[in-house]
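Undergrad: Here it is, the structure in full.
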Amino acid sequence: MTTTPSAGRELSNPPSDGISNLRFSNNSDHLLVSSWDKRVRLYDVSTNSLRGEFLHGGAVLDCCFHDDFSGFSVGADYKVRRIVFNVGKEDILGTHDKPVRCVEYSYAAGQVITGSWDKTVKCWDPRGASGPERTQVGTYLQPERVYSMSLVGHRLVVATAGRHVNIYDLRNMSQPEQRRESSLKYQTRCVRCYPNGTGYALSSVEGRVAMEFFDLSEAAQAKKYAFKCHRKTEAGRDIVYPVNSIAFHPIYGTFATGGCDGFVNIWDGNNKKRLYQYSKYPTSISAQSFSRDGQLLAVASSYTFEEGEKSYEPEAIFVRNVNEIEVKPKPKVYPNPAA
């Protein structure tokens with residue numbers, strides 16, 4: 001790996017177009033990456049090697065693991081795929097009526113859950129034979145297009161356009177347990193459940209993150225809050241950046257946010273403070289993932305077109321050891337002209 005002290009180690013053979021998501025395996029240092037270049041790639045981070053890739057019929061908008069060498073992918077060609085890297089095999093579980101934005105695999109329910117811009121969430125049983133009539137478990141209408149989803153245990157959180165948030169119990173998907181509206185005023189970018197299962201964090205395009213709790217009691221709801229991040233002041237003007245990604249540390253419950261400002265911030269949500277800000281990455285942060293033991297953080301540096309067409313740095317995936325102290329360049333000291 002290339003050593004870049006300020007950003008982490010850079011993976012070889014990165015995607016050639018926007019990185020839509022990346023995820024570490026629950027069992028190893030394998031990393032699954034989906035991209036707008038129509039490919040899903042499997043990397044072994046420990047050896048900096050590309051273990052395999054699949055080419056789809058359109059941009060791949062999300063991916064998730066099933067086991068170390070297989071997973072699921074969705075995208076702009078409306079299809080839900082199971083992909084098996086060690087034998088080079090793929091199956092079509094079924095389709096949506098519009099591009100599919102999100103996919104999650106529930107180990108608790110043994111189901112694949114997909115969310116689409118066709119305003120539906122669908123559940124699939126990947127153990128069934130190929131074909132939608134055998135694998136599809138259910139279709140659940142949403143108030144708007146699905147933008148982000150997250151799972152913890154049997155709980156599923158679905159964030160849609162129009163700032164809607166639906167919370168489901170996978171054991172009874174007939175209707176949401178709770179229907180909420182985002183406490184943030186602007187469009188939702190990302191939702192991620194707390195590892196301890198008590199709530200979720202939600203980010204918006206307007207440089208804010210909301211910390212929410214499932215328990216509707218007055219005491220629990222009194223703990224919720226929102227905070228500003230990924231913004232700067234320039235020439236007296238506030239410049240605000242979308243917060244594209246949230247990733248929770250699997251052990252400590254601290255979390256990372258990544259924004260269109262190219263920064264990754266590490267937060268302690270319980271104590272409401274920022275612990276660290278890594279040096280700026282080459283371009284927008286589109287996705288992040290902690291490894292299973294929390295030792296590694298994978299960061300996708302990939303322009304998300306928040307400023308439209310312009311020249312930008314190529315896509316890159318950096319992997320940093322979160323326990324290493326970052327080597328930051330010392331500021332230059334200039335002589336005082338008044339001295």
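By convention in this document, the chains of the structure tokens carry letters A, B, ... by their order, each chain's residues are numbered from 1, and ligands are numbered from 1 in the order they are shown.
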If we count only C-alpha atoms, what is near range 226-231 of chain A at a cut-off of 7 Å, once residues fewer than 4 positions away on the same chain are taken out, given as a PyMOL selection string?

TA: chain A and resi 207-211+239-241+243+259+261

Undergrad: Find the residues around range 285-289 of chain A up to 9 Å (only C-alpha atoms counted), leave out those fewer than 4 positions away in its own chain, and share them as a VMD selection string.

TA: chain A and resid 18 to 24 31 243 to 249 256 to 264 281 296 to 304

Undergrad: Would you please work out which residue, of A:Ser284, A:Thr198, A:Glu307, A:Ser203, is nearest to Ala220 in chain A when using only C-alpha atoms?

TA: A:Thr198

Undergrad: For a quick check of understanding, using only C-alpha atoms, which of A:Glu181, A:Asp293, A:Asp37, A:Glu324 has the smallest distance to Leu61 in chain A?

TA: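 With only C-alpha atoms as the atom set, the closest residue is A:Asp37.
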
Undergrad: Determine, for each residue of range 169-288 of chain A having at least one atom at most 12 Å from an atom of range 118-121 of chain A, the closest pair of atoms and their separation in Å to one decimal, counting only C-alpha atoms; order by chain and ascending number, as JSON lines.

TA:
```
{"residue": "A:Leu170", "atom": "CA", "partner": "A:Val121", "partner_atom": "CA", "distance": 11.7}
{"residue": "A:Met173", "atom": "CA", "partner": "A:Val121", "partner_atom": "CA", "distance": 10.0}
{"residue": "A:Ser174", "atom": "CA", "partner": "A:Val121", "partner_atom": "CA", "distance": 11.5}
{"residue": "A:Gln175", "atom": "CA", "partner": "A:Val121", "partner_atom": "CA", "distance": 11.6}
{"residue": "A:Pro176", "atom": "CA", "partner": "A:Val121", "partner_atom": "CA", "distance": 11.6}
```
